[in-house]
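Trainee: Pasting structure.txt here (compact mmCIF, C-alpha atoms and all ligand atoms):
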```txt
# COMPACT_ATOMS: atom_id res chain seq x y z
CA MET A 26 74.06 20.47 -150.01
CA SER A 27 77.31 19.66 -148.23
CA THR A 28 79.86 21.80 -149.93
CA ARG A 29 82.78 20.57 -147.91
CA GLN A 30 82.68 17.09 -149.44
CA HIS A 31 81.19 17.71 -152.89
CA PRO A 32 81.42 21.34 -153.92
CA PRO A 33 79.53 21.71 -157.20
CA SER A 34 81.45 23.00 -160.18
CA VAL A 35 81.36 26.76 -160.66
CA ASP A 36 79.62 26.22 -163.97
CA THR A 37 76.88 23.98 -162.55
CA LEU A 38 76.19 26.40 -159.73
CA ALA A 39 76.25 29.39 -162.13
CA ARG A 40 73.73 27.68 -164.42
CA SER A 41 71.46 27.02 -161.44
CA LEU A 42 71.32 30.82 -160.97
CA ALA A 43 70.02 31.47 -164.50
CA SER A 44 66.47 32.10 -163.25
CA SER A 45 67.78 35.29 -161.57
CA GLY A 46 67.85 36.77 -165.06
CA LEU A 47 71.43 37.94 -164.53
CA PRO A 48 74.00 37.56 -167.32
CA HIS A 49 75.92 34.26 -167.20
CA THR A 50 79.26 35.98 -166.53
CA ILE A 51 77.79 37.63 -163.43
CA CYS A 52 76.30 34.29 -162.30
CA VAL A 53 79.78 32.75 -162.67
CA ASP A 54 81.27 35.49 -160.45
CA ILE A 55 78.57 34.92 -157.84
CA ALA A 56 78.97 31.12 -157.98
CA ARG A 57 82.74 31.41 -157.58
CA ALA A 58 82.37 33.75 -154.60
CA ALA A 59 79.76 31.51 -152.96
CA ILE A 60 81.97 28.42 -153.31
CA ALA A 61 85.02 30.28 -151.99
CA ALA A 62 82.97 31.42 -148.97
CA ASP A 63 81.66 27.88 -148.42
CA ASP A 64 78.18 29.29 -148.96
CA VAL A 65 76.79 27.26 -151.86
CA SER A 66 73.32 27.18 -150.33
CA GLY A 67 73.40 30.99 -150.22
CA ALA A 68 74.22 31.41 -153.91
CA ALA A 69 70.63 32.14 -154.97
CA ALA A 70 70.31 34.77 -152.23
CA ARG A 71 73.57 36.31 -153.40
CA ALA A 72 72.25 36.49 -156.96
CA GLU A 73 69.04 38.11 -155.72
CA ALA A 74 71.05 40.58 -153.65
CA PHE A 75 73.08 41.46 -156.74
CA ARG A 76 69.94 41.89 -158.82
CA ARG A 77 68.66 44.35 -156.24
CA THR A 78 71.72 46.55 -156.68
CA LEU A 79 70.67 47.22 -160.30
CA LEU A 80 68.57 50.22 -161.26
CA THR A 81 64.89 49.32 -161.19
CA PRO A 82 61.57 51.18 -161.10
CA VAL A 83 60.29 51.64 -157.56
CA VAL A 84 57.08 52.93 -156.03
CA ASN A 85 57.79 56.16 -154.15
CA ALA A 86 55.43 56.07 -151.17
CA THR A 87 57.58 58.40 -149.04
CA GLY A 88 55.54 61.53 -149.65
CA VAL A 89 58.74 63.32 -150.73
CA LEU A 90 57.88 64.41 -154.27
CA LEU A 91 61.44 65.13 -155.42
CA HIS A 92 63.27 62.32 -153.63
CA THR A 93 66.98 62.75 -154.33
CA ASN A 94 67.69 59.06 -153.66
CA LEU A 95 64.94 58.11 -156.13
CA GLY A 96 66.22 60.32 -158.94
CA ARG A 97 64.34 63.53 -158.01
CA ALA A 98 61.60 64.36 -160.56
CA PRO A 99 60.15 61.24 -162.20
CA VAL A 100 60.31 61.57 -165.99
CA GLY A 101 58.79 59.40 -168.67
CA HIS A 102 60.51 59.74 -171.99
CA HIS A 103 60.54 57.10 -174.68
CA GLN A 104 62.87 57.21 -177.62
CA GLU A 105 63.19 54.91 -180.63
CA PRO A 106 66.73 53.75 -181.42
CA GLN A 107 67.05 56.21 -184.26
CA PRO A 108 69.52 58.98 -185.08
CA VAL A 109 68.52 62.42 -183.80
CA ASN A 110 69.72 65.79 -185.12
CA VAL A 111 71.53 66.51 -181.85
CA GLU A 112 74.22 68.61 -183.53
CA PHE A 113 73.03 68.76 -187.10
CA ASP A 114 71.37 71.73 -188.76
CA LEU A 115 68.65 70.38 -191.06
CA ALA A 116 68.39 73.73 -192.88
CA THR A 117 72.04 73.93 -193.96
CA GLY A 118 73.04 70.27 -193.78
CA GLU A 119 76.00 71.30 -191.64
CA ARG A 120 77.10 70.78 -188.09
CA GLY A 121 74.85 72.65 -185.69
CA SER A 122 74.88 73.38 -181.96
CA ARG A 123 73.48 70.88 -179.49
CA GLN A 124 72.44 73.88 -177.41
CA ARG A 125 70.14 75.34 -180.03
CA ALA A 126 66.98 73.25 -179.89
CA VAL A 127 66.42 73.14 -176.15
CA GLY A 128 68.24 76.41 -175.44
CA GLN A 129 65.74 78.42 -177.46
CA LEU A 130 62.80 76.76 -175.65
CA PHE A 131 64.27 77.60 -172.24
CA ALA A 132 64.99 81.16 -173.35
CA ARG A 133 61.32 81.49 -174.31
CA LEU A 134 60.14 79.91 -171.05
CA CYS A 135 62.33 82.15 -168.89
CA GLY A 136 61.89 85.36 -170.87
CA ALA A 137 65.65 85.34 -171.54
CA GLU A 138 67.69 86.30 -174.62
CA SER A 139 69.45 82.96 -174.62
CA ALA A 140 69.88 79.73 -172.66
CA MET A 141 72.11 76.66 -172.56
CA ILE A 142 72.03 73.25 -170.91
CA VAL A 143 74.71 71.43 -168.89
CA ASN A 144 74.67 68.26 -166.78
CA ASN A 145 73.31 69.74 -163.56
CA ASN A 146 73.09 73.00 -161.69
CA ALA A 147 76.43 72.50 -159.96
CA ALA A 148 77.97 72.34 -163.44
CA ALA A 149 76.01 75.45 -164.46
CA VAL A 150 77.43 77.49 -161.57
CA LEU A 151 80.93 76.14 -162.14
CA LEU A 152 80.81 77.02 -165.84
CA VAL A 153 79.35 80.50 -165.33
CA VAL A 154 81.93 81.42 -162.71
CA GLY A 155 84.78 79.83 -164.69
CA ALA A 156 83.79 81.55 -167.94
CA LEU A 157 82.98 84.98 -166.54
CA ALA A 158 85.22 85.41 -163.50
CA SER A 159 88.32 83.19 -163.72
CA GLY A 160 91.31 85.04 -162.25
CA ARG A 161 89.02 87.69 -160.76
CA SER A 162 86.67 87.93 -157.80
CA VAL A 163 83.05 86.89 -157.33
CA ALA A 164 81.12 88.77 -154.67
CA VAL A 165 78.96 86.47 -152.53
CA SER A 166 77.04 87.37 -149.39
CA ARG A 167 78.37 85.58 -146.29
CA GLY A 168 74.76 84.49 -145.75
CA GLU A 169 74.82 82.66 -149.09
CA SER A 170 78.23 80.99 -148.91
CA VAL A 171 76.40 77.73 -148.43
CA GLU A 172 76.61 73.99 -148.88
CA ILE A 173 73.75 72.47 -150.86
CA GLY A 174 73.43 68.70 -150.75
CA GLY A 175 76.76 67.21 -149.72
CA SER A 176 79.44 68.30 -152.12
CA PHE A 177 78.09 71.53 -153.64
CA ARG A 178 79.80 74.16 -151.50
CA VAL A 179 79.96 77.67 -152.88
CA PRO A 180 83.54 78.41 -151.69
CA GLU A 181 84.80 75.15 -153.20
CA VAL A 182 83.03 75.69 -156.54
CA MET A 183 84.71 79.11 -156.60
CA GLU A 184 88.11 77.56 -156.00
CA GLN A 185 87.62 74.97 -158.76
CA SER A 186 86.57 77.63 -161.25
CA GLY A 187 89.71 79.69 -160.77
CA ALA A 188 87.78 82.66 -159.38
CA ARG A 189 88.37 84.24 -155.98
CA LEU A 190 85.54 84.36 -153.49
CA ARG A 191 84.92 87.87 -152.20
CA ASP A 192 82.90 87.59 -148.98
CA VAL A 193 80.35 90.34 -148.54
CA GLY A 194 78.43 91.41 -145.43
CA THR A 195 77.66 89.08 -142.53
CA THR A 196 75.94 85.74 -142.09
CA ASN A 197 72.59 87.27 -141.21
CA ARG A 198 72.63 90.72 -142.85
CA THR A 199 74.12 91.85 -146.14
CA ARG A 200 73.19 95.28 -147.52
CA LEU A 201 73.63 96.92 -150.92
CA ALA A 202 76.33 99.17 -149.39
CA ASP A 203 78.37 96.06 -148.50
CA TYR A 204 78.29 94.96 -152.14
CA ARG A 205 79.13 98.50 -153.29
CA ARG A 206 82.27 98.52 -151.16
CA ALA A 207 83.33 95.14 -152.56
CA VAL A 208 82.73 96.18 -156.18
CA ALA A 209 84.54 99.50 -155.73
CA ASP A 210 88.04 97.99 -155.86
CA GLY A 211 87.51 96.90 -159.46
CA ASP A 212 88.42 93.22 -159.11
CA VAL A 213 84.85 91.92 -158.83
CA ALA A 214 83.79 90.33 -162.15
CA LEU A 215 80.32 89.36 -161.03
CA VAL A 216 77.94 89.18 -158.12
CA LEU A 217 76.59 85.70 -157.36
CA LYS A 218 73.34 85.44 -155.45
CA VAL A 219 72.72 81.90 -154.19
CA HIS A 220 69.28 80.81 -153.08
CA PRO A 221 69.67 79.08 -149.70
CA SER A 222 67.58 76.18 -150.95
CA ASN A 223 67.78 73.74 -148.09
CA TYR A 224 67.71 75.96 -145.02
CA ARG A 225 66.29 79.22 -143.69
CA VAL A 226 67.84 81.85 -141.45
CA LYS A 227 65.17 83.40 -139.27
CA GLY A 228 65.17 86.48 -137.04
CA PHE A 229 67.42 89.54 -137.50
CA VAL A 230 68.03 88.92 -141.20
CA GLU A 231 68.43 91.14 -144.22
CA ASP A 232 69.51 90.37 -147.73
CA THR A 233 69.81 92.42 -150.89
CA SER A 234 67.31 91.94 -153.70
CA VAL A 235 68.27 91.15 -157.27
CA ALA A 236 66.80 94.52 -158.32
CA GLU A 237 69.18 96.32 -155.95
CA LEU A 238 72.17 94.21 -157.03
CA ALA A 239 71.38 95.09 -160.65
CA THR A 240 72.33 98.71 -159.88
CA LEU A 241 75.96 97.78 -159.06
CA GLY A 242 77.25 97.85 -162.63
CA VAL A 243 78.65 94.28 -162.70
CA PRO A 244 76.79 91.22 -164.02
CA VAL A 245 74.44 89.65 -161.47
CA VAL A 246 74.13 85.85 -161.57
CA ALA A 247 71.33 84.31 -159.51
CA ASP A 248 71.60 80.62 -158.67
CA ILE A 249 67.89 80.08 -158.02
CA GLY A 250 68.44 76.36 -157.52
CA SER A 251 65.03 74.78 -157.69
CA GLY A 252 64.05 75.78 -161.21
CA LEU A 253 60.60 77.20 -160.63
CA ILE A 254 59.97 78.80 -164.03
CA ASP A 255 57.26 81.33 -163.20
CA ALA A 256 56.13 82.37 -159.72
CA GLY A 257 52.56 82.74 -161.01
CA CYS A 258 52.45 79.00 -161.95
CA PRO A 259 50.21 79.76 -164.98
CA TRP A 260 50.14 76.02 -165.76
CA LEU A 261 48.00 75.36 -162.66
CA SER A 262 44.29 76.08 -162.71
CA GLY A 263 44.33 77.78 -159.30
CA PRO A 264 46.70 80.20 -157.57
CA PRO A 265 50.33 79.12 -156.86
CA PRO A 266 50.47 76.69 -153.92
CA ALA A 267 51.30 78.35 -150.59
CA TRP A 268 54.36 76.14 -150.05
CA LEU A 269 56.06 77.78 -153.07
CA ALA A 270 55.96 81.25 -151.51
CA ASP A 271 59.71 81.57 -150.80
CA GLU A 272 61.00 79.99 -154.01
CA PRO A 273 62.58 82.39 -156.51
CA ALA A 274 61.42 81.89 -160.11
CA ALA A 275 63.39 82.28 -163.34
CA VAL A 276 61.00 84.70 -165.10
CA GLN A 277 60.72 87.07 -162.15
CA THR A 278 64.44 86.93 -161.25
CA LEU A 279 65.46 87.87 -164.80
CA ALA A 280 62.76 90.54 -164.98
CA ALA A 281 64.11 92.00 -161.71
CA GLY A 282 67.47 92.54 -163.39
CA ALA A 283 69.56 89.37 -163.04
CA ASP A 284 71.90 88.99 -166.03
CA LEU A 285 71.88 85.19 -165.71
CA VAL A 286 69.98 82.60 -163.72
CA THR A 287 71.10 79.03 -163.14
CA PHE A 288 68.88 76.20 -161.95
CA SER A 289 68.37 72.43 -161.84
CA ALA A 290 66.01 70.87 -164.38
CA ASP A 291 65.08 67.92 -162.13
CA LYS A 292 63.66 69.83 -159.17
CA LEU A 293 60.57 72.07 -159.45
CA PHE A 294 60.84 72.17 -163.25
CA GLY A 295 60.07 68.45 -163.18
CA GLY A 296 62.42 67.28 -165.95
CA PRO A 297 65.50 65.04 -166.25
CA GLN A 298 68.78 65.79 -164.48
CA ALA A 299 70.31 68.84 -166.14
CA GLY A 300 71.38 72.39 -165.35
CA VAL A 301 70.09 75.48 -167.12
CA ILE A 302 71.93 78.77 -167.70
CA ALA A 303 69.57 81.48 -169.01
CA GLY A 304 69.90 85.23 -169.54
CA ARG A 305 72.02 87.69 -171.53
CA SER A 306 73.13 86.20 -174.82
CA ASP A 307 76.71 87.56 -174.66
CA LEU A 308 77.22 85.92 -171.26
CA VAL A 309 75.63 82.62 -172.37
CA ALA A 310 77.87 82.70 -175.47
CA ALA A 311 80.95 83.19 -173.25
CA CYS A 312 79.88 80.10 -171.27
CA GLN A 313 79.46 78.12 -174.49
CA ARG A 314 82.96 79.09 -175.67
CA HIS A 315 84.66 78.00 -172.43
CA PRO A 316 86.56 74.68 -172.66
CA LEU A 317 84.63 73.32 -169.67
CA ALA A 318 81.40 73.54 -171.70
CA ARG A 319 82.46 70.47 -173.66
CA ALA A 320 83.12 68.47 -170.48
CA LEU A 321 79.80 69.50 -168.96
CA ARG A 322 77.57 69.06 -172.01
CA PRO A 323 74.46 66.86 -171.77
CA GLY A 324 73.81 63.82 -173.96
CA GLY A 325 71.15 63.53 -176.62
CA LEU A 326 68.85 61.43 -174.41
CA THR A 327 68.84 64.13 -171.73
CA LEU A 328 68.25 66.86 -174.29
CA ALA A 329 65.33 64.97 -175.83
CA ALA A 330 63.70 64.38 -172.43
CA LEU A 331 64.27 68.03 -171.53
CA GLN A 332 62.75 69.19 -174.82
CA HIS A 333 59.69 67.03 -174.08
CA THR A 334 59.26 68.70 -170.68
CA ALA A 335 59.91 72.22 -172.02
CA LEU A 336 57.32 71.70 -174.77
CA ALA A 337 54.79 70.52 -172.18
CA TYR A 338 55.21 73.92 -170.46
CA LEU A 339 54.88 75.86 -173.71
CA HIS A 340 51.77 73.85 -174.67
CA ARG A 341 50.36 74.45 -171.17
CA ARG A 342 50.10 70.68 -170.68
CA VAL A 343 52.24 70.64 -167.54
CA VAL A 344 49.73 68.99 -165.21
CA ASP A 345 49.00 66.25 -167.78
CA GLU A 346 52.57 65.59 -168.90
CA VAL A 347 54.97 66.50 -166.09
CA PRO A 348 54.59 63.89 -163.32
CA PHE A 349 55.88 66.19 -160.56
CA TRP A 350 53.20 68.80 -161.25
CA ARG A 351 50.55 66.12 -161.69
CA MET A 352 51.35 64.95 -158.15
CA VAL A 353 51.20 68.53 -156.85
CA ALA A 354 47.84 69.15 -158.55
CA THR A 355 46.14 65.91 -157.45
CA PRO A 356 43.12 66.85 -155.31
CA LEU A 357 43.21 65.58 -151.73
CA ALA A 358 39.83 63.89 -152.32
CA ASP A 359 41.43 61.66 -154.98
CA LEU A 360 44.06 60.52 -152.50
CA GLN A 361 41.39 59.86 -149.86
CA ARG A 362 39.37 57.77 -152.30
CA ARG A 363 42.44 55.75 -153.30
CA ALA A 364 43.43 55.19 -149.67
CA ALA A 365 39.93 53.92 -148.89
CA ALA A 366 40.07 51.53 -151.85
CA ILE A 367 43.41 50.12 -150.69
CA ALA A 368 42.20 49.84 -147.07
CA GLU A 369 39.26 47.78 -148.29
CA ARG A 370 41.72 45.22 -149.61
CA VAL A 371 44.13 45.57 -146.67
CA PRO A 372 42.00 46.08 -143.55
CA ALA A 373 45.06 46.33 -141.31
CA ALA A 374 45.98 49.53 -143.15
CA ARG A 375 44.34 52.63 -141.68
CA PRO A 376 43.66 55.69 -143.90
CA VAL A 377 45.43 58.75 -142.44
CA SER A 378 46.02 62.42 -143.19
CA LEU A 379 49.67 63.08 -144.00
CA GLU A 380 51.95 65.96 -144.96
CA ALA A 381 53.93 65.55 -148.17
CA LEU A 382 57.18 67.42 -148.85
CA PRO A 383 58.43 69.02 -152.08
CA GLY A 384 61.90 67.53 -151.50
CA ALA A 385 65.29 68.09 -153.20
CA GLY A 386 65.96 70.95 -150.80
CA SER A 387 63.09 72.97 -152.29
CA ALA A 388 60.89 75.03 -149.99
CA PRO A 389 62.40 73.64 -146.74
CA GLY A 390 59.96 73.42 -143.87
CA SER A 391 56.97 73.61 -146.22
CA THR A 392 54.50 70.78 -146.61
CA MET A 393 51.41 70.07 -148.68
CA PRO A 394 48.31 68.24 -147.49
CA SER A 395 48.34 64.58 -148.36
CA PHE A 396 46.66 61.30 -147.55
CA GLY A 397 47.72 57.70 -147.27
CA LEU A 398 47.78 54.62 -145.08
CA GLU A 399 49.28 53.72 -141.74
CA LEU A 400 50.28 50.22 -140.73
CA ALA A 401 51.18 49.29 -137.16
CA GLY A 402 54.76 48.07 -136.94
CA ASP A 403 57.85 48.66 -139.04
CA HIS A 404 57.34 47.01 -142.44
CA LEU A 405 59.75 49.18 -144.41
CA GLN A 406 62.15 46.39 -145.28
CA ALA A 407 59.41 43.97 -146.35
CA LEU A 408 57.89 46.64 -148.58
CA ARG A 409 61.27 47.26 -150.21
CA ALA A 410 61.63 43.52 -150.79
CA HIS A 411 58.46 43.51 -152.88
CA ASP A 412 58.58 43.47 -156.68
CA PRO A 413 58.40 46.35 -157.55
CA PRO A 414 59.96 47.72 -154.37
CA VAL A 415 57.72 50.07 -152.40
CA VAL A 416 59.68 52.76 -150.53
CA ALA A 417 57.61 53.97 -147.56
CA ARG A 418 58.33 56.08 -144.49
CA GLY A 419 58.48 55.17 -140.78
CA ARG A 420 57.00 57.16 -137.90
CA ASP A 421 57.04 56.20 -134.24
CA GLY A 422 57.28 52.50 -134.97
CA SER A 423 54.54 52.50 -137.62
CA THR A 424 54.73 52.44 -141.40
CA LEU A 425 53.32 55.26 -143.53
CA VAL A 426 52.42 55.02 -147.21
CA ASP A 427 51.86 58.48 -148.72
CA LEU A 428 49.77 58.28 -151.89
CA ARG A 429 50.59 61.76 -153.22
CA THR A 430 53.88 60.44 -154.61
CA VAL A 431 52.40 57.13 -155.86
CA GLU A 432 51.19 56.87 -159.46
CA PRO A 433 47.52 55.75 -159.33
CA ALA A 434 48.46 52.85 -161.63
CA ASP A 435 50.76 51.60 -158.82
CA ASP A 436 48.01 51.38 -156.18
CA ASP A 437 47.64 47.66 -156.97
CA HIS A 438 51.34 47.17 -156.28
CA VAL A 439 50.99 49.07 -153.01
CA ALA A 440 48.08 46.88 -151.89
CA ALA A 441 49.91 43.68 -152.85
CA ALA A 442 53.11 44.83 -151.12
CA LEU A 443 51.20 45.71 -147.94
CA LEU A 444 49.51 42.29 -147.88
CA ALA A 445 52.82 40.52 -148.47
CA ALA A 446 54.53 42.57 -145.75
CA LEU A 447 51.76 41.79 -143.26
CA ALA A 448 51.86 38.09 -144.11
CA ALA A 449 55.64 38.06 -143.61
CA ALA A 450 55.45 39.81 -140.22
CA PRO A 451 55.25 37.83 -136.95
CA GLY A 452 51.58 36.93 -136.50
CA GLY A 453 51.26 37.71 -140.19
CA ALA A 454 48.74 35.03 -141.12
CA ARG A 455 46.18 36.76 -138.90
CA ASN A 456 47.00 40.27 -140.17
CA GLY A 457 47.00 39.38 -143.81
CA GLN A 458 43.99 37.10 -143.84
CA VAL A 459 41.57 39.39 -145.68
CA ALA A 460 43.29 39.46 -149.02
CA SER A 461 41.26 39.83 -152.15
C1 LIG A 501 70.09 71.98 -155.93
C2 LIG A 501 70.93 73.20 -155.98
C3 LIG A 501 72.20 73.16 -156.53
C4 LIG A 501 72.79 71.89 -157.08
O1 LIG A 501 72.09 71.52 -158.21
P1 LIG A 501 72.31 70.08 -158.91
O2 LIG A 501 71.40 70.12 -160.08
O3 LIG A 501 71.97 69.07 -157.89
O4 LIG A 501 73.74 70.03 -159.29
C5 LIG A 501 72.93 74.33 -156.57
N1 LIG A 501 72.43 75.49 -156.09
C6 LIG A 501 71.19 75.57 -155.54
C7 LIG A 501 70.72 76.88 -155.00
C8 LIG A 501 70.40 74.42 -155.47
O5 LIG A 501 69.18 74.49 -154.92
```
Written as structure tokens, how would this file's structure read?
Ligand SMILES: *Cc1c(COP(=O)(O)O)cnc(C)c1O
Mentor:
Amino acid sequence: MSTRQHPPSVDTLARSLASSGLPHTICVDIARAAIAADDVSGAAARAEAFRRTLLTPVVNATGVLLHTNLGRAPVGHHQEPQPVNVEFDLATGERGSRQRAVGQLFARLCGAESAMIVNNNAAAVLLVVGALASGRSVAVSRGESVEIGGSFRVPEVMEQSGARLRDVGTTNRTRLADYRRAVADGDVALVLKVHPSNYRVKGFVEDTSVAELATLGVPVVADIGSGLIDAGCPWLSGPPPAWLADEPAAVQTLAAGADLVTFSADKLFGGPQAGVIAGRSDLVAACQRHPLARALRPGGLTLAALQHTALAYLHRRVVDEVPFWRMVATPLADLQRRAAAIAERVPAARPVSLEALPGAGSAPGSTMPSFGLELAGDHLQALRAHDPPVVARGRDGSTLVDLRTVEPADDDHVAAALLAALAAAPGGARNGQVAS
């Protein structure tokens, strides 16, 4: 099509893009931009590129179970378009609290007096510090004055909340006596213990346990981060996995004497994005009364999905109903069998032992045994171009597909994407010949 002489009308070109499935107004924008750029023949590719910016289900073949770029824990929650008693008390017929339903379940799960839900764990820490320590000091070990994932930096959260950061101890060693000295001047409203989720300090290191901090006489708040509920993992049939060894858990942290814990709901808990504050009911109530609570409150969809996950724990149906824990509990032999079945259809793919990662900054440096497929050459882009997109991992110029993070129902998509990627690669007709 020679656009210079006969540029098509915007409307004609936009209508030719209808098969992209995009709304007409978007097709008009794309058509107009393509004509302005003298790129009429590229209009369909522009529409496809736009479509690929939209949220869409993908196959996570990275072997990172909680992949932050892929929304951390996968959750399946279906809801009919019906009203829900989000803030309505069915017993009295009056306005109720949106914190009640899910809050009581989390209190039960954590062994806490009370619990509330906010949008994420960063919001939980901000609210706790703002509600309990604004205008006063918060004692934090220098070893825990950390940055977790880009913009969550403890000193900056402190600043935003209106509390003053009171540095305690040194980067590698902080003792109870250091905290005692800080608390002695009377300005410290609470002690915040932050789990260094995404890094480890090794060597000449010492920190102070929650049980010791609980003797200081000021509230102890533990940001445990990853949201492991119970270190004993009673929802698994065997013992807790070795890779969880260094992760603090809500039940044990509260039992050790923490007055509050905060954690993310979309990490090791395996639910939707949310933050949980659990512990002493007077402190949770103070958080609920703070004006920020309104700005940080979760929506009904989040609460419903969270309730679904919390009930799965209480019913002891975690491995069946929480996808993250189902992935963790999948026997290696299942992954090996699935890899062999895919390799039968895609002979160029070689079954390999792999190491999967918990992800989301949980248990850094720890891996769990996994299994998948290796393909010579870098096919990452071609796999992402598949429908549904398959997100794999590269290693030394080859492509790795880790099946621990792939739903078994998606194995067909993985096989089809691998065949398509091989066919698209240089020399692809030879590689991809044995399709079935
Ligand atoms: C992940 C994490 C956060 C941030 O939680 P979000 O839910 O991502 O806001 C804060 N503190 C710790 C210790 C964490 O591990």
Trainee: Got a sec to check which residues lie within 10 Å of ligand LIG 501 (chain A), using only C-alpha atoms and all ligand atoms, and send them as an NGL selection string?
Mentor: :A and (93 or 97 or 143-151 or 169 or 171-179 or 218-223 or 247-252 or 272-273 or 287-292 or 297-301 or 385-388)
Trainee: What does the structure give for the distance between CA of Ala214 in chain A and CA of Leu157 in chain A, in Å to one decimal?
Mentor: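 Interatomic distance here is 7.0 Å.
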Trainee: Measuring atom to atom with only C-alpha atoms, identify which of A:Glu119, A:Ala140, A:Gln361, A:Leu269 is nearest to Gly384 in chain A.
Mentor: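 Under the stated criterion, the closest residue is A:Leu269.
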Trainee: Quick one: distance from CA of Ala283 in chain A to CA of Ser159 in chain A in Å, one decimal?
Mentor: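 Separating CA of Ala283 in chain A from CA of Ser159 in chain A is a distance of 19.8 Å.
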Trainee: Would you give me, as CSV, each residue of range 142-232 of chain A having an atom within 7 Å of an atom of range 236-243 of chain A, along with its shortest atom pair and that distance in Å to one decimal, using only C-alpha atoms and sorting by chain and residue number?
Mentor:
```
residue,atom,partner,partner_atom,distance
A:Leu201,CA,A:Glu237,CA,6.7
A:Arg205,CA,A:Leu241,CA,6.6
A:Ala214,CA,A:Val243,CA,6.5
A:Leu215,CA,A:Val243,CA,5.5
A:Val216,CA,A:Val243,CA,6.9
```
Trainee: Can you tell me which residues surround Ala68 in chain A at a distance of at most 8 Å, considering all atoms listed in the file, apart from same-chain residues fewer than 5 positions away, and format the answer as a PDB file with C-alpha atoms, in the frame of the given file?
Mentor:
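Once everything was written out, this is part05.pdb:
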```pdb
ATOM      1  CA  LEU A  38      76.190  26.400-159.730  1.00  0.00           C
ATOM      2  CA  LEU A  42      71.320  30.820-160.970  1.00  0.00           C
ATOM      3  CA  ILE A  55      78.570  34.920-157.840  1.00  0.00           C
ATOM      4  CA  ALA A  56      78.970  31.120-157.980  1.00  0.00           C
ATOM      5  CA  ALA A  59      79.760  31.510-152.960  1.00  0.00           C
TER       6      ALA A  59
END
```
